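In what follows, a single structure is set out as structure tokens and then discussed.
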Amino acid sequence: MDVDQDDPPDAAPDVYETIPDKFGVYRQYTVCPQTDPTELLPPNASVDIPGPSNPGRKQSTCAPRGFKSCSETELDEPTNIFAPFENETQFRFAHWQCTGSTTKTVAEAQRLKNEVLDHPSFNKDDLKDFDVSRALAKLDEVTLTDELFTADDGWYNGSVKIPVPMEKVENDSEADAIEFTVNNIYHRKLIEVVKEAFEDPSSESFHYIPFKEFWNTQTPSSTPNTPDPDNEAERMFSEIYNSDAMLEEDANLRAQPREPEDDKDVEYAIAALLPYSDSTRLANFGSASLWPIYLFFGNQSKYFRGKPSCFAAHHLAYLPSLPDDFQDFYRRNFDGNSASDETLRFCKRELMQHIWLLLLDDDFMHAYEHGILLRCGDGRVRRIFPRFFCYSADYPEKVLIACIRYFAQCPCPRCLTKKEDIAALGTTIDHQRRNHVRIDNEHTHHLVQLSRQWMF
């Protein structure tokens, strides 16, 4: 990376500028980075589509994050990838039965011929003693078990306890409330996911030091690497690592004292955490569903995060819903009374909060404060400090996370814009209202604590 360390006329002494490229784009750092990932990767590195400059699309040999036991290196031994079916022919027959139209028409019969009977792998002997009902019943038996989430892949089977309020019954304190235990919370330790990501060779494409990116709109074509000081450059925003949020967090990190055991050449960097969750229904009929949490890293370009063969999504946890036997538990402990809709909503929010408390364990909180020394994918040792920048989820899930009422007077989980003012979205007054954000302060803590005292 070519860095011009001569201070520009109007820049602060601690600003490092890269030399503008042929488009007039350059970067400003407050800390000179040890590496520039853009110089280590070819221009087509973020492309999966074959083309003149990328004729042979090379598939990644990495396994999906959190399922290393399924990697190609461990598939040398004979493995039935069509389980619970015995062979590919049975799988294709069942796949035809469960997909397409719910009524098997002439078009569906033609699809059976094209996709199953005419397939090169079709073998009629494989259908000997094959029973469709029995095969589909095997599919129904496949659930989230320890066989799927193994300790070798870093998975843990945890549990949480949530306090259950009883309507019109007052306890001495919340600690005296009856607790309901939710089991089978399959998750990975958050700090272990961070270690895996930053120690993986693919992290050589990570940006560890945030920067501001500018475009000099009138750079003379004859001297493309010489910005015109009379022209005002335009700030560019494209990634997490050139956002004001990460720059501010990085400045806070530089302001705190270094760990005494670190050498001077140990670079301090932020791991930009971007969790994402979405409850997914698994069938057109019935209630089978999964609720996964994935973790992305903002240090990686969005073009790599969106590239399927990069496996940039790290499996973090699978959230259970409030179990079906909760009402039975409630009746047993509260004189046969059933839980109201308000109680059920409260317990669902409590479950989400306690699962995140499970993920934010002591190891993660220590790394959040003191960082963790890692030898990154480019071979350099850095102290990595995990920080959250955004949580991607739909509105119902954000309501659970923020513990607010669904479509209440102020429905936004971030700001205090009122519901009747949503129609003014995008206007000047709307921008002013958005600056009135929710603040996590002592007054808010007092209101929450007071409300919980009334409930319990």
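We name chains A, B, ... following the order of the structure tokens; residues begin at 1 in each chain, and ligands are numbered from 1 as shown.
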Per-residue nearest contacts range 270-359 of chain A to range 200-221 of chain A, cut-off 10 Å, using only C-alpha atoms, as a Markdown table:
```
| residue | atom | partner | partner_atom | distance |
| --- | --- | --- | --- | --- |
| A:Ile270 | CA | A:Tyr208 | CA | 6.6 |
| A:Ala271 | CA | A:Tyr208 | CA | 7.7 |
| A:Ala272 | CA | A:Tyr208 | CA | 9.3 |
| A:Phe297 | CA | A:Phe206 | CA | 8.7 |
| A:Gly298 | CA | A:Phe206 | CA | 8.5 |
| A:Asn299 | CA | A:His207 | CA | 4.9 |
| A:Gln300 | CA | A:Phe206 | CA | 4.8 |
| A:Ser301 | CA | A:Phe206 | CA | 7.4 |
| A:Phe304 | CA | A:Ser205 | CA | 8.8 |
| A:Cys310 | CA | A:Ser202 | CA | 8.2 |
| A:Phe311 | CA | A:Ser202 | CA | 9.9 |
| A:Ala312 | CA | A:Ser202 | CA | 9.3 |
```
Residues as selected, N, CA and C atoms, written as a PDB file, in the first residue's frame, can you do that?
```pdb
ATOM      1  N   ILE A 270     -10.472  -4.022  15.564  1.00  0.00           N
ATOM      2  CA  ILE A 270     -11.853  -4.312  15.965  1.00  0.00           C
ATOM      3  C   ILE A 270     -12.411  -5.426  15.085  1.00  0.00           C
ATOM      4  N   ALA A 271     -13.081  -6.383  15.719  1.00  0.00           N
ATOM      5  CA  ALA A 271     -13.864  -7.375  14.994  1.00  0.00           C
ATOM      6  C   ALA A 271     -15.295  -6.859  14.919  1.00  0.00           C
ATOM      7  N   ALA A 272     -15.703  -6.448  13.741  1.00  0.00           N
ATOM      8  CA  ALA A 272     -17.031  -5.856  13.545  1.00  0.00           C
ATOM      9  C   ALA A 272     -18.069  -6.970  13.414  1.00  0.00           C
ATOM     10  N   PHE A 297     -18.988 -10.726   9.544  1.00  0.00           N
ATOM     11  CA  PHE A 297     -17.975  -9.799  10.039  1.00  0.00           C
ATOM     12  C   PHE A 297     -17.858  -8.622   9.080  1.00  0.00           C
ATOM     13  N   GLY A 298     -18.022  -7.405   9.646  1.00  0.00           N
ATOM     14  CA  GLY A 298     -17.948  -6.196   8.839  1.00  0.00           C
ATOM     15  C   GLY A 298     -16.551  -5.887   8.352  1.00  0.00           C
ATOM     16  N   ASN A 299     -15.527  -6.570   8.879  1.00  0.00           N
ATOM     17  CA  ASN A 299     -14.166  -6.394   8.370  1.00  0.00           C
ATOM     18  C   ASN A 299     -14.038  -6.940   6.959  1.00  0.00           C
ATOM     19  N   GLN A 300     -14.946  -7.796   6.575  1.00  0.00           N
ATOM     20  CA  GLN A 300     -14.939  -8.402   5.252  1.00  0.00           C
ATOM     21  C   GLN A 300     -15.848  -7.610   4.319  1.00  0.00           C
ATOM     22  N   SER A 301     -15.407  -7.411   3.092  1.00  0.00           N
ATOM     23  CA  SER A 301     -16.196  -6.646   2.136  1.00  0.00           C
ATOM     24  C   SER A 301     -17.556  -7.283   1.907  1.00  0.00           C
ATOM     25  N   PHE A 304     -17.649 -10.025  -0.637  1.00  0.00           N
ATOM     26  CA  PHE A 304     -17.269 -11.365  -0.202  1.00  0.00           C
ATOM     27  C   PHE A 304     -18.350 -11.974   0.685  1.00  0.00           C
ATOM     28  N   CYS A 310     -17.757 -18.337  -0.439  1.00  0.00           N
ATOM     29  CA  CYS A 310     -16.889 -17.863   0.647  1.00  0.00           C
ATOM     30  C   CYS A 310     -17.328 -18.389   2.010  1.00  0.00           C
ATOM     31  N   PHE A 311     -18.560 -18.869   2.115  1.00  0.00           N
ATOM     32  CA  PHE A 311     -19.086 -19.343   3.404  1.00  0.00           C
ATOM     33  C   PHE A 311     -18.847 -18.305   4.489  1.00  0.00           C
ATOM     34  N   ALA A 312     -19.225 -17.066   4.196  1.00  0.00           N
ATOM     35  CA  ALA A 312     -18.970 -15.960   5.136  1.00  0.00           C
ATOM     36  C   ALA A 312     -19.920 -15.963   6.319  1.00  0.00           C
TER      37      ALA A 312
END
```
Item to check | alpha helix (DSSP H) call set, DSSP backbone run, range 336-433 of chain A, as a ChimeraX atom specification | outcome: /A:341-359,362-370,395-402,428-433
Those residues with N, CA and C atoms, as a compact mmCIF listing (two decimals), in the first residue's frame please?
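Generated file (again02.txt):
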```txt
# COMPACT_ATOMS: atom_id res chain seq x y z
N ASP A 341 -52.22 -14.35 27.19
CA ASP A 341 -51.41 -13.94 26.04
C ASP A 341 -50.31 -12.99 26.49
N GLU A 342 -50.60 -12.11 27.45
CA GLU A 342 -49.58 -11.18 27.93
C GLU A 342 -48.43 -11.91 28.61
N THR A 343 -48.75 -12.95 29.38
CA THR A 343 -47.70 -13.74 30.04
C THR A 343 -46.85 -14.48 29.01
N LEU A 344 -47.49 -15.03 28.00
CA LEU A 344 -46.76 -15.75 26.96
C LEU A 344 -45.82 -14.81 26.22
N ARG A 345 -46.28 -13.60 25.90
CA ARG A 345 -45.42 -12.64 25.22
C ARG A 345 -44.22 -12.27 26.09
N PHE A 346 -44.46 -12.08 27.38
CA PHE A 346 -43.37 -11.74 28.28
C PHE A 346 -42.34 -12.87 28.32
N CYS A 347 -42.80 -14.10 28.41
CA CYS A 347 -41.87 -15.24 28.49
C CYS A 347 -41.09 -15.42 27.19
N LYS A 348 -41.70 -15.12 26.06
CA LYS A 348 -40.97 -15.20 24.79
C LYS A 348 -39.84 -14.17 24.75
N ARG A 349 -40.12 -12.96 25.25
CA ARG A 349 -39.07 -11.94 25.31
C ARG A 349 -37.97 -12.35 26.28
N GLU A 350 -38.36 -12.90 27.43
CA GLU A 350 -37.38 -13.36 28.40
C GLU A 350 -36.49 -14.45 27.81
N LEU A 351 -37.08 -15.34 27.04
CA LEU A 351 -36.30 -16.42 26.44
C LEU A 351 -35.25 -15.88 25.50
N MET A 352 -35.62 -14.92 24.66
CA MET A 352 -34.66 -14.30 23.74
C MET A 352 -33.53 -13.62 24.52
N GLN A 353 -33.87 -12.88 25.56
CA GLN A 353 -32.86 -12.17 26.34
C GLN A 353 -31.92 -13.13 27.05
N HIS A 354 -32.44 -14.20 27.62
CA HIS A 354 -31.60 -15.14 28.35
C HIS A 354 -30.70 -15.94 27.42
N ILE A 355 -31.16 -16.19 26.20
CA ILE A 355 -30.29 -16.89 25.24
C ILE A 355 -29.12 -16.01 24.86
N TRP A 356 -29.35 -14.71 24.69
CA TRP A 356 -28.24 -13.82 24.38
C TRP A 356 -27.32 -13.67 25.59
N LEU A 357 -27.84 -13.74 26.80
CA LEU A 357 -26.98 -13.75 27.98
C LEU A 357 -26.11 -15.00 28.00
N LEU A 358 -26.66 -16.10 27.50
CA LEU A 358 -25.89 -17.34 27.38
C LEU A 358 -24.75 -17.18 26.37
N LEU A 359 -25.03 -16.49 25.26
CA LEU A 359 -24.00 -16.29 24.23
C LEU A 359 -22.94 -15.29 24.69
N ASP A 362 -18.68 -15.12 29.96
CA ASP A 362 -17.55 -14.42 30.59
C ASP A 362 -16.35 -14.31 29.65
N ASP A 363 -16.10 -15.34 28.85
CA ASP A 363 -14.96 -15.30 27.92
C ASP A 363 -15.14 -14.18 26.90
N PHE A 364 -16.37 -14.04 26.39
CA PHE A 364 -16.60 -12.98 25.41
C PHE A 364 -16.48 -11.61 26.06
N MET A 365 -17.05 -11.44 27.25
CA MET A 365 -16.99 -10.13 27.91
C MET A 365 -15.56 -9.75 28.26
N HIS A 366 -14.72 -10.73 28.61
CA HIS A 366 -13.31 -10.43 28.87
C HIS A 366 -12.62 -9.98 27.59
N ALA A 367 -12.92 -10.66 26.47
CA ALA A 367 -12.33 -10.26 25.19
C ALA A 367 -12.86 -8.90 24.74
N TYR A 368 -14.12 -8.60 25.08
CA TYR A 368 -14.69 -7.30 24.72
C TYR A 368 -13.92 -6.17 25.40
N GLU A 369 -13.49 -6.40 26.63
CA GLU A 369 -12.80 -5.36 27.39
C GLU A 369 -11.29 -5.35 27.14
N HIS A 370 -10.69 -6.53 27.10
CA HIS A 370 -9.23 -6.62 27.02
C HIS A 370 -8.72 -7.12 25.67
N TYR A 395 -38.95 -7.13 11.84
CA TYR A 395 -39.51 -6.33 12.92
C TYR A 395 -39.95 -7.15 14.13
N PRO A 396 -40.66 -8.28 13.95
CA PRO A 396 -41.06 -9.05 15.14
C PRO A 396 -39.88 -9.49 16.00
N GLU A 397 -38.77 -9.84 15.37
CA GLU A 397 -37.61 -10.25 16.15
C GLU A 397 -36.94 -9.07 16.84
N LYS A 398 -36.92 -7.91 16.19
CA LYS A 398 -36.35 -6.73 16.83
C LYS A 398 -37.19 -6.30 18.03
N VAL A 399 -38.49 -6.54 17.97
CA VAL A 399 -39.34 -6.26 19.12
C VAL A 399 -38.92 -7.13 20.30
N LEU A 400 -38.61 -8.41 20.05
CA LEU A 400 -38.17 -9.30 21.11
C LEU A 400 -36.82 -8.85 21.68
N ILE A 401 -35.93 -8.43 20.80
CA ILE A 401 -34.59 -8.04 21.24
C ILE A 401 -34.64 -6.73 22.04
N ALA A 402 -35.41 -5.76 21.53
CA ALA A 402 -35.47 -4.45 22.19
C ALA A 402 -36.45 -4.42 23.36
N THR A 428 -37.64 16.33 6.02
CA THR A 428 -36.69 17.00 6.91
C THR A 428 -37.07 16.83 8.37
N ILE A 429 -38.34 16.97 8.66
CA ILE A 429 -38.79 16.82 10.05
C ILE A 429 -38.59 15.39 10.52
N ASP A 430 -38.71 14.42 9.61
CA ASP A 430 -38.48 13.02 9.98
C ASP A 430 -37.02 12.81 10.38
N HIS A 431 -36.11 13.44 9.67
CA HIS A 431 -34.69 13.34 10.02
C HIS A 431 -34.43 13.90 11.41
N GLN A 432 -35.10 14.96 11.76
CA GLN A 432 -34.94 15.55 13.09
C GLN A 432 -35.52 14.62 14.16
N ARG A 433 -36.66 13.99 13.86
CA ARG A 433 -37.26 13.08 14.83
C ARG A 433 -36.36 11.87 15.07
```
Next on the checklist: Restricting the calculation to only C-alpha atoms: of A:Pro411, A:Gly377, A:Gly100, A:Pro386, which residue gets closest to Glu199 in chain A?
Outcome noted: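 Distance minimum relative to Glu199 in chain A lands on A:Gly377.
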Next on the checklist: When DSSP is applied to the backbone of this structure, which of range 119-294 of chain A are assigned strand (DSSP E or B)? Write them out as a ChimeraX atom specification.
Outcome noted: /A:155-164,178-188,212-215,234-236,267-277,280-281,289-290,292-294
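The smallest atom-to-atom distance between Asp324 in chain A and any of A:Pro275, A:Val182, A:Glu174, A:Ala251, using only C-alpha atoms, is found for A:Val182.
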Item to check | Long-range neighbours of Leu127 in chain A as an MDAnalysis selection string, 12 Å cut-off, only C-alpha atoms, 5 positions minimum in chain | outcome: chainID A and resid 85:94 116:117 122 132 135
Could you please take those selected residues and save N, CA and C atoms as a tab-separated table (two decimals), in the first residue's frame?
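Dumped everything to out-v4.tsv:
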```tsv
chain	number	residue	atom	x	y	z
A	85	PHE	N	-32.52	-41.59	3.28
A	85	PHE	CA	-32.81	-42.50	2.19
A	85	PHE	C	-31.57	-43.36	1.91
A	86	GLU	N	-31.81	-44.54	1.37
A	86	GLU	CA	-30.70	-45.49	1.19
A	86	GLU	C	-29.84	-45.16	-0.02
A	87	ASN	N	-30.39	-44.49	-1.01
A	87	ASN	CA	-29.64	-44.22	-2.24
A	87	ASN	C	-30.24	-43.02	-2.95
A	88	GLU	N	-29.60	-42.60	-4.05
A	88	GLU	CA	-30.01	-41.41	-4.76
A	88	GLU	C	-31.36	-41.59	-5.45
A	89	THR	N	-31.64	-42.79	-5.94
A	89	THR	CA	-32.91	-43.02	-6.62
A	89	THR	C	-34.09	-42.82	-5.68
A	90	GLN	N	-33.98	-43.37	-4.47
A	90	GLN	CA	-35.04	-43.18	-3.50
A	90	GLN	C	-35.19	-41.71	-3.12
A	91	PHE	N	-34.06	-41.03	-2.99
A	91	PHE	CA	-34.11	-39.60	-2.66
A	91	PHE	C	-34.82	-38.82	-3.75
A	92	ARG	N	-34.49	-39.07	-5.00
A	92	ARG	CA	-35.10	-38.31	-6.09
A	92	ARG	C	-36.60	-38.60	-6.20
A	93	PHE	N	-36.98	-39.85	-5.94
A	93	PHE	CA	-38.40	-40.18	-5.98
A	93	PHE	C	-39.16	-39.44	-4.88
A	94	ALA	N	-38.61	-39.44	-3.66
A	94	ALA	CA	-39.26	-38.73	-2.56
A	94	ALA	C	-39.25	-37.22	-2.78
A	116	VAL	N	-36.59	-37.93	-12.65
A	116	VAL	CA	-36.31	-39.16	-11.89
A	116	VAL	C	-36.00	-40.32	-12.81
A	117	LEU	N	-36.98	-40.70	-13.63
A	117	LEU	CA	-36.82	-41.90	-14.44
A	117	LEU	C	-35.74	-41.75	-15.50
A	122	PHE	N	-30.61	-43.10	-12.14
A	122	PHE	CA	-31.78	-43.89	-11.79
A	122	PHE	C	-31.49	-45.37	-11.94
A	132	VAL	N	-42.96	-45.51	0.27
A	132	VAL	CA	-42.97	-44.06	0.32
A	132	VAL	C	-43.38	-43.55	1.71
A	135	ALA	N	-40.59	-44.01	4.17
A	135	ALA	CA	-39.46	-43.12	3.90
A	135	ALA	C	-39.76	-41.70	4.36
```
Checklist entry - Mind pulling up the distance from CA of Arg414 in chain A to CA of Phe456 in chain A? => result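 Spanning CA of Phe456 in chain A to CA of Arg414 in chain A is a straight-line distance of 27.5 Å.
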Next on the checklist: Given only C-alpha atoms as the basis, pick out the residue of A:Val160, A:Ala255, A:Ala175, A:Leu316 nearest to Val193 in chain A.
Outcome noted: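 For Val193 in chain A, the nearest of the candidates is A:Leu316.
In terms of minimum interatomic distance to Phe296 in chain A, A:Phe389 ranks closest within A:Ile178, A:Phe389, A:Gly371, A:Gln256, counting only C-alpha atoms.
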Near-Ser173 in chain A list (9 Å; only C-alpha atoms; drop same-chain fewer than 3 positions) as a PDB file with N, CA and C atoms, in the first residue's frame:
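So out_14.pdb came out as:
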```
ATOM      1  N   GLU A 170     -48.435 -11.791  44.087  1.00  0.00           N
ATOM      2  CA  GLU A 170     -47.247 -10.976  44.329  1.00  0.00           C
ATOM      3  C   GLU A 170     -46.207 -11.774  45.112  1.00  0.00           C
ATOM      4  N   ASP A 176     -37.838 -14.793  43.841  1.00  0.00           N
ATOM      5  CA  ASP A 176     -38.702 -15.827  44.418  1.00  0.00           C
ATOM      6  C   ASP A 176     -39.672 -16.408  43.400  1.00  0.00           C
ATOM      7  N   ALA A 177     -39.682 -15.883  42.182  1.00  0.00           N
ATOM      8  CA  ALA A 177     -40.621 -16.366  41.166  1.00  0.00           C
ATOM      9  C   ALA A 177     -40.230 -17.768  40.701  1.00  0.00           C
ATOM     10  N   GLN A 453     -40.900  -5.147  38.989  1.00  0.00           N
ATOM     11  CA  GLN A 453     -41.389  -5.290  40.365  1.00  0.00           C
ATOM     12  C   GLN A 453     -42.904  -5.403  40.380  1.00  0.00           C
ATOM     13  N   PHE A 456     -43.886  -9.018  39.170  1.00  0.00           N
ATOM     14  CA  PHE A 456     -43.591 -10.153  40.043  1.00  0.00           C
ATOM     15  C   PHE A 456     -44.029  -9.910  41.486  1.00  0.00           C
TER      16      PHE A 456
END
```
Checklist entry - Of the candidates A:His95, A:Lys195, A:Arg111, A:Arg27, which shows the shortest atom-to-atom distance to Ile372 in chain A, using only C-alpha atoms? => result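 Answer, going by the shortest atom-to-atom distance: A:Lys195.
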